[in-house]
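Worksheet: one structure, shown below.
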Amino acid sequence: MIFDLDANATYAPSERLQGVIMEYWSRLGNPSSIHQSGQRARAALEEAREAVNALVGATRRSHQTIFTSGATEANNTVVKAQLNRPGPLVSSEIEHPCVLGPLKTLKRLGREVTFLKPNSSGQIEPLAVAEQVAPDTALVSVMAANNETGVLNDIAQIASTVRARAPHAIIHTDAAQLCGKLPVSFEQLGVDCMTISGHKFGALSGVGALILRHSTQLEPLIEGGAQESKLRGGTENVLGIISLGYAAAEAHNALPVRADSMQHVRDRFESELLGRLTGIEVNGAGVPRLPNTSNIFISGVRSDDLVVALDLEGITISGGAACSSGKPEPSHVLTAMGHADERARSTVRVSFRADQTLESVAQIVSTFVRVIERIRSTNR
Ligand code: PLP
C-alpha cells in the first residue's frame, strides 16, 4: 500500500508525461539556434507558453509569460526588482520563505516592509491590506493559497482595494499552490504578476513561470542572455518547460472535475477522522480552502513522529511545509494564526492528489487512527 498524500510538496508527474519527455529527449537543440533542432525546441517552448497561458487565463496579447526555475526564482524576481523602485512594500507573515526571504533582505537594506498578520483562520483580510497601503506603495504581494493550510485569500478583493489607494503599486500573487488545483483567471484576480510552480501540478521539479501584465515593468533577476524577452537570461530548461506545458494542459482539461474529486476525498477524510478520534481539529476549517489540503492538529502526537510512523505504513504526509520539515521551529504560518508552538508541533499537512480514490479513504483513515492511537498510548 502506497498513498502519496503530500501533493502540495510535489505532485508527481503522470506516466503519460514520462512518455512525452522520452519522445523529446534526443530531438531538441538550443532554442536560440536557427537550425532545425533549435527551432523544434523553440516551437516546443512556445507551445508550452500557450498551455500555461490557457491554464491561468493569460493571453500573448496582454501578458508576458516568463519561464523560470520555479516559484522561488519567480518570487525573488518580483521582490528584488523593487530594489530599483522607491516606495514601501506590503506582504504577509504567512508567505512562503521565498517571498519572506527577499523581503527581509530589502528590509535590512533600509526599505519599509510591512508583514501583515492573518486572522485566526489564516486569511489575509483585504481591509488589513487596505489599511497598510499608501499612495506610494511599490509592491503588494499576497499569496493566493497557503501551502500549509490551503486557506485561500481573496486576491481579487485585495487587488481592487490596492488599486484604489496605490495606483503605482505592483500587485503580485504567489499562486504556486492554487494553480492546477482550482481554476485560475489572471484577469479576474486583477493582479499585475503571478507566480506558478510546475511541480505543484504534475510537471518536473525545477521549472515554473512568472506571468506579467504587459504594462508591468520588472528588471530581470538573472542577466546575461536575451532569453525570455531579456527578462531571464540563460538557456531555457527545455524538457522542464515542455513538462510544464504538458502538465498545464492536463490540469486545464481536467479542472474543475479534478477539484471536485479532490474535495470529495479530502472532505470524507476529515469527517471520518474527526468522527473516529477525539482531540483533532482542522486548522482553517470554515473558510475557503484548496480542495485537496487538510492541515490537522492532533493533540498528544508530535507531527514528526506521525510523519515517520505513517511513512513506515506506506503513507506519505508532511509535518507542515515540505521544505521546513525536519526543522525544530514550529510553523511560521500556524504561529502567525495565533496558535501556540505546541499546537504547531502537533499539526500535520495531508494533501491529496486528484487520482486518490474515494474508496481508499477508509483504509487511509483506519491507518491514521491505528497509528495515532499507538503514539498516544506510548506517550501517556
Ligand atoms: N510558493 C509556494 C506557496 C510554495 O508552496 C512553494 C513550494 O513549496 C514555493 C513557492 C517554491 O516553489 P519552487 O519549489 O517551485 O521553487
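Chain labels run A, B, ... following the order of the C-alpha cells; each chain numbers its residues from 1, and ligands are numbered from 1 in the order shown.
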Find the residues near ligand 1. Use a cut-off of 10 Å, count only C-alpha atoms and all ligand atoms, and write them as a PyMOL selection string. chain A and resi 8-10+68-76+94-99+143-148+150+173-178+195-200+204-209+321-324
Expected file: the selected residues, C-alpha atoms, as a PDB file, in the first residue's frame:
ATOM      1  CA  ASN A   8       1.455  20.110  -2.042  1.00  0.00           C
ATOM      2  CA  ALA A   9       5.155  19.257  -1.740  1.00  0.00           C
ATOM      3  CA  THR A  10       5.432  17.704  -5.191  1.00  0.00           C
ATOM      4  CA  THR A  68      11.857  30.366 -14.563  1.00  0.00           C
ATOM      5  CA  SER A  69      13.459  27.625 -12.495  1.00  0.00           C
ATOM      6  CA  GLY A  70      10.371  27.573 -10.280  1.00  0.00           C
ATOM      7  CA  ALA A  71       8.299  29.686  -7.948  1.00  0.00           C
ATOM      8  CA  THR A  72      11.301  30.577  -5.785  1.00  0.00           C
ATOM      9  CA  GLU A  73      13.009  32.324  -8.682  1.00  0.00           C
ATOM     10  CA  ALA A  74       9.810  33.983  -9.890  1.00  0.00           C
ATOM     11  CA  ASN A  75       9.094  35.357  -6.411  1.00  0.00           C
ATOM     12  CA  ASN A  76      12.678  36.542  -5.974  1.00  0.00           C
ATOM     13  CA  ILE A  94       2.254  33.599   6.038  1.00  0.00           C
ATOM     14  CA  GLU A  95       4.065  33.850   2.689  1.00  0.00           C
ATOM     15  CA  HIS A  96       6.412  31.123   1.546  1.00  0.00           C
ATOM     16  CA  PRO A  97      10.047  31.676   2.663  1.00  0.00           C
ATOM     17  CA  CYS A  98      10.968  32.503  -0.945  1.00  0.00           C
ATOM     18  CA  VAL A  99       8.874  35.688  -0.616  1.00  0.00           C
ATOM     19  CA  MET A 143      -0.216  34.538  -1.733  1.00  0.00           C
ATOM     20  CA  ALA A 144      -3.325  33.094  -3.389  1.00  0.00           C
ATOM     21  CA  ALA A 145      -3.382  29.863  -1.371  1.00  0.00           C
ATOM     22  CA  ASN A 146      -1.285  28.937   1.610  1.00  0.00           C
ATOM     23  CA  ASN A 147       0.882  25.861   1.121  1.00  0.00           C
ATOM     24  CA  GLU A 148       0.393  24.576   4.685  1.00  0.00           C
ATOM     25  CA  GLY A 150      -4.587  25.546   1.905  1.00  0.00           C
ATOM     26  CA  THR A 173       0.328  36.903  -6.022  1.00  0.00           C
ATOM     27  CA  ASP A 174       2.197  33.672  -5.417  1.00  0.00           C
ATOM     28  CA  ALA A 175      -0.257  31.204  -6.966  1.00  0.00           C
ATOM     29  CA  ALA A 176       2.103  28.204  -6.724  1.00  0.00           C
ATOM     30  CA  GLN A 177      -0.419  26.177  -4.730  1.00  0.00           C
ATOM     31  CA  LEU A 178      -3.598  27.476  -6.341  1.00  0.00           C
ATOM     32  CA  THR A 195       3.968  33.117  -9.817  1.00  0.00           C
ATOM     33  CA  ILE A 196       3.395  29.452 -10.605  1.00  0.00           C
ATOM     34  CA  SER A 197       5.417  26.303  -9.969  1.00  0.00           C
ATOM     35  CA  GLY A 198       5.376  23.274 -12.284  1.00  0.00           C
ATOM     36  CA  HIS A 199       5.990  20.513  -9.770  1.00  0.00           C
ATOM     37  CA  LYS A 200       2.925  21.561  -7.803  1.00  0.00           C
ATOM     38  CA  LEU A 204       9.062  18.135 -13.421  1.00  0.00           C
ATOM     39  CA  SER A 205      10.681  19.946 -10.486  1.00  0.00           C
ATOM     40  CA  GLY A 206      12.811  22.970 -11.248  1.00  0.00           C
ATOM     41  CA  VAL A 207      10.530  24.818 -13.624  1.00  0.00           C
ATOM     42  CA  GLY A 208       7.872  27.472 -13.164  1.00  0.00           C
ATOM     43  CA  ALA A 209       6.767  30.783 -14.558  1.00  0.00           C
ATOM     44  CA  ALA A 321       5.625  22.659   4.638  1.00  0.00           C
ATOM     45  CA  ALA A 322       7.926  20.153   2.924  1.00  0.00           C
ATOM     46  CA  CYS A 323      10.879  22.499   2.936  1.00  0.00           C
ATOM     47  CA  SER A 324      10.518  23.224   6.648  1.00  0.00           C
TER      48      SER A 324
END
Contacts of A:Pro256 at 7 Å or less, counting only C-alpha atoms, minus same-chain residues fewer than 3 places along, as a list in words? Leu182, Pro183, Ala259 and Asp260 of chain A
Suppose you want the space between atom CA of A:Val140 and atom CA of A:Ser91; what is it in Å? 5.7 Å
Exercise: A:Glu112 partners within 8 Å, only C-alpha atoms, chain neighbours under 5 positions left out, as a PyMOL selection string: chain A and resi 87-89+107
Just C-alpha atoms for this one: save the residues we selected as a PDB file, in the first residue's frame.
ATOM      1  CA  GLY A  87       8.195  53.101  -2.013  1.00  0.00           C
ATOM      2  CA  PRO A  88       7.089  50.827   0.804  1.00  0.00           C
ATOM      3  CA  LEU A  89       6.349  47.136   0.370  1.00  0.00           C
ATOM      4  CA  LYS A 107      14.162  45.465   4.869  1.00  0.00           C
TER       5      LYS A 107
END
Find the residues near A:Gln217: any atom within 10 Å, counting only C-alpha atoms, skip ones fewer than 4 places away on the same chain, and give them as a ChimeraX atom specification. /A:81,170,192,212-213,231
Do a neighbour search on stretch 13-19 of chain A at 7 Å with only C-alpha atoms, toss out local chain neighbours closer than 3 positions, and write the hits as a list in words.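 The neighbour list is Met22, Glu23, Gly202, Ala203, Leu204 and Ser243 of chain A.
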So how far away is atom CA of A:His264 from atom CA of A:Leu358, in Å? 7.2 Å
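Ranking A:Leu189, A:Val238, A:Ala309, A:Leu106 by their shortest atom-to-atom distance to A:Asn84, with only C-alpha atoms included, puts A:Leu106 first.
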Could you state the separation of atom CA of A:Glu270 and atom CA of A:Val184 in Å, given to one decimal place?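 According to the coordinates, atom CA of A:Glu270 and atom CA of A:Val184 are separated by 25.5 Å.
Between A:Pro31 and the residues A:Asn237, A:Ser366, A:Ser377, A:Ser360, the shortest atom-to-atom distance, using only C-alpha atoms, involves A:Asn237.
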I need the helix (DSSP H, G or I) residues of stretch 35-133 of chain A per DSSP on the backbone, written as an NGL selection string. :A and (36-56 or 71-84 or 97-108 or 126-132)
Within 10 Å of A:Ala138 using only C-alpha atoms, minus same-chain residues under 4 positions, as a VMD selection string: chain A and resid 82 85 to 90 133 to 134 166 to 171
Against stretch 328-337 of chain A, which residues of stretch 112-206 of chain A fall within 8 Å? For each one I want the closest pair of atoms and the distance in Å (one decimal), counting only C-alpha atoms, rows by chain and increasing residue number, as JSON lines.
{"residue": "A:Lys117", "atom": "CA", "partner": "A:Ala336", "partner_atom": "CA", "distance": 6.2}
{"residue": "A:Pro118", "atom": "CA", "partner": "A:Met337", "partner_atom": "CA", "distance": 5.9}
{"residue": "A:Asn119", "atom": "CA", "partner": "A:Met337", "partner_atom": "CA", "distance": 6.1}
{"residue": "A:Ser120", "atom": "CA", "partner": "A:Met337", "partner_atom": "CA", "distance": 4.8}
{"residue": "A:Ser121", "atom": "CA", "partner": "A:Met337", "partner_atom": "CA", "distance": 6.7}
{"residue": "A:Gly122", "atom": "CA", "partner": "A:Met337", "partner_atom": "CA", "distance": 5.5}
{"residue": "A:Glu148", "atom": "CA", "partner": "A:Val333", "partner_atom": "CA", "distance": 7.4}
C-alpha atoms of the current selection, written as an mmCIF file, in the first residue's frame:
data_model
loop_
_atom_site.group_PDB
_atom_site.id
_atom_site.type_symbol
_atom_site.label_atom_id
_atom_site.label_comp_id
_atom_site.auth_asym_id
_atom_site.auth_seq_id
_atom_site.Cartn_x
_atom_site.Cartn_y
_atom_site.Cartn_z
ATOM 1 C CA LYS A 117 -0.872 39.097 10.185
ATOM 2 C CA PRO A 118 -3.591 36.682 9.089
ATOM 3 C CA ASN A 119 -6.815 36.328 11.032
ATOM 4 C CA SER A 120 -7.241 33.243 13.217
ATOM 5 C CA SER A 121 -8.465 31.217 10.222
ATOM 6 C CA GLY A 122 -5.297 32.025 8.305
ATOM 7 C CA GLU A 148 0.393 24.576 4.685
#
Smallest atom-to-atom distance to A:Thr161: which of A:Glu125, A:Asp304, A:Glu187, A:Glu250, using only C-alpha atoms?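 Among the listed residues, A:Glu125 lies closest to A:Thr161.
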12 Å contact set for A:Glu359, only C-alpha atoms, chain neighbours under 6 positions out, as a PDB file with N, CA and C atoms, in the first residue's frame:
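Output contents, as saved in selection01.pdb:
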ATOM      1  N   SER A 261     -13.184  16.154  -7.362  1.00  0.00           N
ATOM      2  CA  SER A 261     -12.856  14.826  -6.840  1.00  0.00           C
ATOM      3  C   SER A 261     -11.875  14.945  -5.667  1.00  0.00           C
ATOM      4  N   HIS A 264     -14.013  15.888  -2.599  1.00  0.00           N
ATOM      5  CA  HIS A 264     -14.779  14.784  -2.028  1.00  0.00           C
ATOM      6  C   HIS A 264     -13.895  13.926  -1.139  1.00  0.00           C
ATOM      7  N   VAL A 265     -12.712  13.611  -1.655  1.00  0.00           N
ATOM      8  CA  VAL A 265     -11.777  12.751  -0.910  1.00  0.00           C
ATOM      9  C   VAL A 265     -11.340  13.452   0.379  1.00  0.00           C
ATOM     10  N   ARG A 268     -14.226  13.729   2.935  1.00  0.00           N
ATOM     11  CA  ARG A 268     -14.547  12.453   3.586  1.00  0.00           C
ATOM     12  C   ARG A 268     -13.443  12.072   4.579  1.00  0.00           C
ATOM     13  N   PHE A 269     -12.196  12.298   4.192  1.00  0.00           N
ATOM     14  CA  PHE A 269     -11.068  12.010   5.091  1.00  0.00           C
ATOM     15  C   PHE A 269     -11.251  12.776   6.404  1.00  0.00           C
ATOM     16  N   VAL A 365      -7.872   6.301   6.609  1.00  0.00           N
ATOM     17  CA  VAL A 365      -8.311   6.756   7.934  1.00  0.00           C
ATOM     18  C   VAL A 365      -8.031   5.674   8.982  1.00  0.00           C
TER      19      VAL A 365
END
Would you please work out which residue, of A:Ser271, A:Pro288, A:Gly101, A:Val52, is nearest to A:Cys179 when using only C-alpha atoms?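 Distance minimum relative to A:Cys179 lands on A:Val52.
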